[in-house]
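K.L.:
Below you will find the structure I want to go over with you.
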Amino acid sequence: MQPKLVRLSQYFLPTLREAPAEAQIVSHQLMLRAGMIRQASAGIYSWLPLGFRMLKKIEQVVREEQDRIGAAELLMPTIQSADLWRQSGRYDDYGKEMLRIKDRHERDLLYGPTNEELITEIFRAGVKSYRDVPKLLYHIQWKFRDEIRPRFGVMRGREFYMKDAYSFDINRKAALDSYNKFFIAYLRTFARMGLRSIPMRAETGLIGGNNSHEFIILADTGESQVFCHRSYLERDGMAVDDSTLEARAAAVRDWTRDYAATEDEHDIEAFSAIPEDDQVATRGIEIGHIFYFGTKYSVPLEAQIADESGANVPVHMGSYGVGVSRLLGAIIEARHDEKGIVWPAAIAPFQLAVINVKVADTACRAATERIMQQANNAGFEVLYDDRDQRAGVKFAEMELLGIPWRVVVSPKALATESFEVTKRRSGVIQNLGLEAIVPFLCKQFGR
RNA sequence: CGGGGUGUAGCUCAGUCUGGUUAGAGUGCUCGCUUUGGGAGCGAGAGGUCGUUGGUUCGAAUCCAGCCUCCCCGACCA
């Protein structure tokens with residue numbers, strides 16, 4: 001757990017007034033300016049306290065939605081032995097993108113770009129019967145893909161933090177229900193982060209398989225061209241019934257009924273059939289990808305279980321990824337203005353920024369402490385700018401950081417018993433008495 | 001990996017073409033005075049093996065060669 005009250009004087013938040021020249025897109029620029037990351041080498045970043053805090057926030061939302069559908073969390077290593085990869089045939093297929101390492105005994109190791117082989121082996125060793133499935137397993141771990149050209153900051157790094165989940169089922173029908181569970185979990189995950197995600201038919205790439213969706217958010221700076229029906233812009237990812245197998249299938253049918261495809265899978269004819277006013281052609285960022293790939297790995301890796309007749313059959317599998325570190329960049333691409341980041345309230349690093357414009361003043365300090373105490377007690381996370389800085393600097397920095405709500409404590413506010421509470425996104429100001437601030441925030445957050 | 005750039009203070013950049021005092025500016029940082037609710041003002045400072053190795057030269061940030069780094073375009077990709 002991250003601390004709920006952070007004083008800027010004690011934090012490590014090296015902000016920049018100007019964006020470093022290496023950053024081309026706005027999310028990368030803002031992450032550097034807000035002191036969230038520092039590049040260690042091409043496509044590899046250190047996560048400074050604020051960036052790390054955000055990473056944990058996003059990770060936690062992802063985790064809660066995985067847990068909700070009954071997936072069990074585990075942790076696999078970053079370094080893997082080449083043996084399993086030779087068995088699946090991917091040691092050669094993967095090419096230079098996979099970072100290969102030799103240990104002191106000249107054994108071939110690799111820094112995992114993904115984990116299908118390892119999870120299949122784990123499953124194989126532990127499960128023998130149809131009675132033990134379905135099993136949904138996931139982990140959240142660092143991965144490495146030696147991209148030819150890393151770019152866009154954490155959106156396209158070489159080292160990245162990713163949740164990947166794997167499903168194991170007795171047959172195709174059951175496997176597709178697992179697929180649907182993850183499909184819905186992703187709708188909810190991204191909706192909770194304030195993102196409008198659109199499931200699009202996708203290529204299956206190196207993972208293989210024949211049923212696959214990419215979850216895309218629309219952003220002008222997106223990496224790929226996407227096409228979809230306007231209906232997707234109004235849908236609510238949280239309003240999905242997933243209580244039964246039939247309900248899940250119906251929900252996924254409903255969410256895949258209208259046209260939505262990335263450039264690679266684009267069908268110009270089908271797209272043209274949509275009324276022109278409903279055609280949306282824009283750019284998008286991929287934030288999640290789900291696959292059903294059947295027995296592609298269970299056959300070569302001999303992951304078999306006994307069915308009801310006692311016969312050993314290969315399990316049907318799927319895999320489901322969310323780029324956790326990439327999501328930071330994606331969210332900022334979707335949520336920023338000319339002043340800086342605008343975090344969605346549900347995942348903001350702090351819900352409340354407190355600016356004390358006169359830290360030397362005893363009464364100001366006392367009022368500040370009282371507000372923060374109440375806010376903490378109400379469950380809010382608070383970032384307090386207690387530095388001896390000019391007000392303008394404090395305002396500009398808090399806006400850069402994108403904290404949803406800001407309260408300003410000053411001698412003037414104390415004298416008039418009227419404190420400014422400002423919403424970052426709209427800039428709308430409420431003037432409230434000291435004791436009314438936290439109750440007001442509780443109401444805003446529906447608490 | 002092909003093509004094109006780049007590397008000088010924490011950050012943004014000038015200086016290189018045309019070699020020549022002690023390498024500059026803005027911003028950030030430190031100190032003092034002033035200011036005090038929108039990245040303030042004045043003054044004084046600290047901060048650089050000019051990416052690196054070698055070469056040319058009386059003399060190299062500057063010219064030449066190798067290597068490295070980072071960025072952009074393309075192919076690849078969560």
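Here, A, B, ... name the chains of the structure tokens in the order displayed, residue numbers run from 1 inside each chain, and ligands are numbered from 1 in the same displayed order.
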List the neighbours of Ala40 (chain A) out to 12 Å using only C-alpha atoms (C1' of nucleotides); skip same-chain residues closer than 6 positions along the sequence, and give me the result as a ChimeraX atom specification.

P.N.:
/A:46-48,153-154,157-159 /B:69-70

K.L.:
Where does chain A meet chain B within 7 Å, residue by residue, with the nearest atom pair and distance in Å to one decimal for each, counting only C-alpha atoms (C1' of nucleotides), listed by chain and rising number, as a Markdown table?

P.N.:
| residue | atom | partner | partner_atom | distance |
| --- | --- | --- | --- | --- |
| A:Leu16 | CA | B:C11 | C1' | 6.7 |
| A:Glu18 | CA | B:C11 | C1' | 6.3 |
| A:Pro20 | CA | B:C11 | C1' | 6.5 |
| A:Glu22 | CA | B:C71 | C1' | 5.9 |
| A:Gly323 | CA | B:A78 | C1' | 5.7 |
| A:Ala391 | CA | B:G37 | C1' | 5.9 |
| A:Gly392 | CA | B:G38 | C1' | 3.9 |
| A:Val393 | CA | B:G39 | C1' | 4.6 |
| A:Phe395 | CA | B:G38 | C1' | 6.6 |
| A:Ala396 | CA | B:G39 | C1' | 6.3 |

K.L.:
Store the residues picked out above in a file with all heavy atoms, as a compact mmCIF listing (two decimals), in the first residue's frame.

P.N.:
# COMPACT_ATOMS: atom_id res chain seq x y z
N LEU A 16 9.77 19.00 -14.38
CA LEU A 16 10.48 19.81 -15.36
C LEU A 16 9.53 20.83 -15.97
O LEU A 16 8.36 20.54 -16.21
CB LEU A 16 11.03 18.92 -16.49
CG LEU A 16 12.04 17.86 -16.11
CD1 LEU A 16 12.30 16.93 -17.29
CD2 LEU A 16 13.33 18.50 -15.65
N GLU A 18 10.23 22.23 -18.89
CA GLU A 18 10.25 21.96 -20.33
C GLU A 18 10.35 20.46 -20.54
O GLU A 18 10.95 19.75 -19.75
CB GLU A 18 11.47 22.63 -20.97
CG GLU A 18 11.39 24.14 -20.98
CD GLU A 18 12.68 24.76 -21.49
OE1 GLU A 18 13.66 24.83 -20.74
OE2 GLU A 18 12.68 25.17 -22.66
N PRO A 20 11.83 17.19 -22.16
CA PRO A 20 13.07 16.76 -22.80
C PRO A 20 12.85 16.50 -24.29
O PRO A 20 11.77 16.06 -24.70
CB PRO A 20 13.41 15.46 -22.07
CG PRO A 20 12.80 15.62 -20.72
CD PRO A 20 11.53 16.40 -20.97
N GLU A 22 13.79 14.29 -26.29
CA GLU A 22 13.60 12.93 -26.77
C GLU A 22 12.13 12.52 -26.79
O GLU A 22 11.76 11.57 -27.46
CB GLU A 22 14.39 11.94 -25.91
CG GLU A 22 13.70 11.59 -24.59
CD GLU A 22 14.59 11.71 -23.39
OE1 GLU A 22 15.58 12.45 -23.45
OE2 GLU A 22 14.28 11.06 -22.38
N GLY A 323 -1.51 -4.45 -21.01
CA GLY A 323 -0.26 -3.73 -20.81
C GLY A 323 -0.41 -2.70 -19.70
O GLY A 323 -0.94 -1.62 -19.91
N ALA A 391 2.96 30.74 -4.68
CA ALA A 391 1.68 30.10 -4.98
C ALA A 391 1.60 29.66 -6.44
O ALA A 391 1.13 28.57 -6.75
CB ALA A 391 0.54 31.06 -4.67
N GLY A 392 2.08 30.51 -7.34
CA GLY A 392 1.99 30.19 -8.76
C GLY A 392 2.69 28.88 -9.11
O GLY A 392 2.20 28.10 -9.92
N VAL A 393 3.84 28.66 -8.50
CA VAL A 393 4.58 27.43 -8.75
C VAL A 393 3.75 26.23 -8.28
O VAL A 393 3.65 25.21 -8.96
CB VAL A 393 5.93 27.46 -8.01
CG1 VAL A 393 6.64 26.13 -8.11
CG2 VAL A 393 6.80 28.59 -8.57
N PHE A 395 0.47 25.99 -7.85
CA PHE A 395 -0.71 25.78 -8.71
C PHE A 395 -0.30 25.07 -9.99
O PHE A 395 -0.91 24.09 -10.41
CB PHE A 395 -1.37 27.12 -9.06
CG PHE A 395 -2.07 27.76 -7.90
CD1 PHE A 395 -1.93 29.11 -7.64
CD2 PHE A 395 -2.88 27.00 -7.06
CE1 PHE A 395 -2.59 29.72 -6.56
CE2 PHE A 395 -3.53 27.59 -5.98
CZ PHE A 395 -3.39 28.95 -5.74
N ALA A 396 0.73 25.60 -10.63
CA ALA A 396 1.14 25.04 -11.93
C ALA A 396 1.55 23.58 -11.78
O ALA A 396 1.21 22.74 -12.62
CB ALA A 396 2.28 25.87 -12.51

K.L.:
Of the candidates A:Pro439, A:Pro77, A:Pro150, A:Gly89, which one gets nearest to Tyr111 (chain A) if we count only C-alpha atoms?

P.N.:
A:Pro77

K.L.:
For U57 (chain B), which residue among B:U30, B:A44, B:G20, B:G5 is the nearest when counting only C-alpha atoms (C1' of nucleotides)?

P.N.:
B:G20

K.L.:
If you measure from CA of Lys358 (chain A) to CA of Lys339 (chain A), what distance in Å do you get, rounded to one decimal?

P.N.:
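Atom-to-atom, CA of Lys358 (chain A) and CA of Lys339 (chain A) are spaced 23.4 Å apart.
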
K.L.:
Find the residues near Met372 (chain A): any atom within 8 Å, counting only C-alpha atoms (C1' of nucleotides), skip ones fewer than 2 places away on the same chain, and give them as a PyMOL selection string.

P.N.:
chain A and resi 5+354+368-370+374-376+382
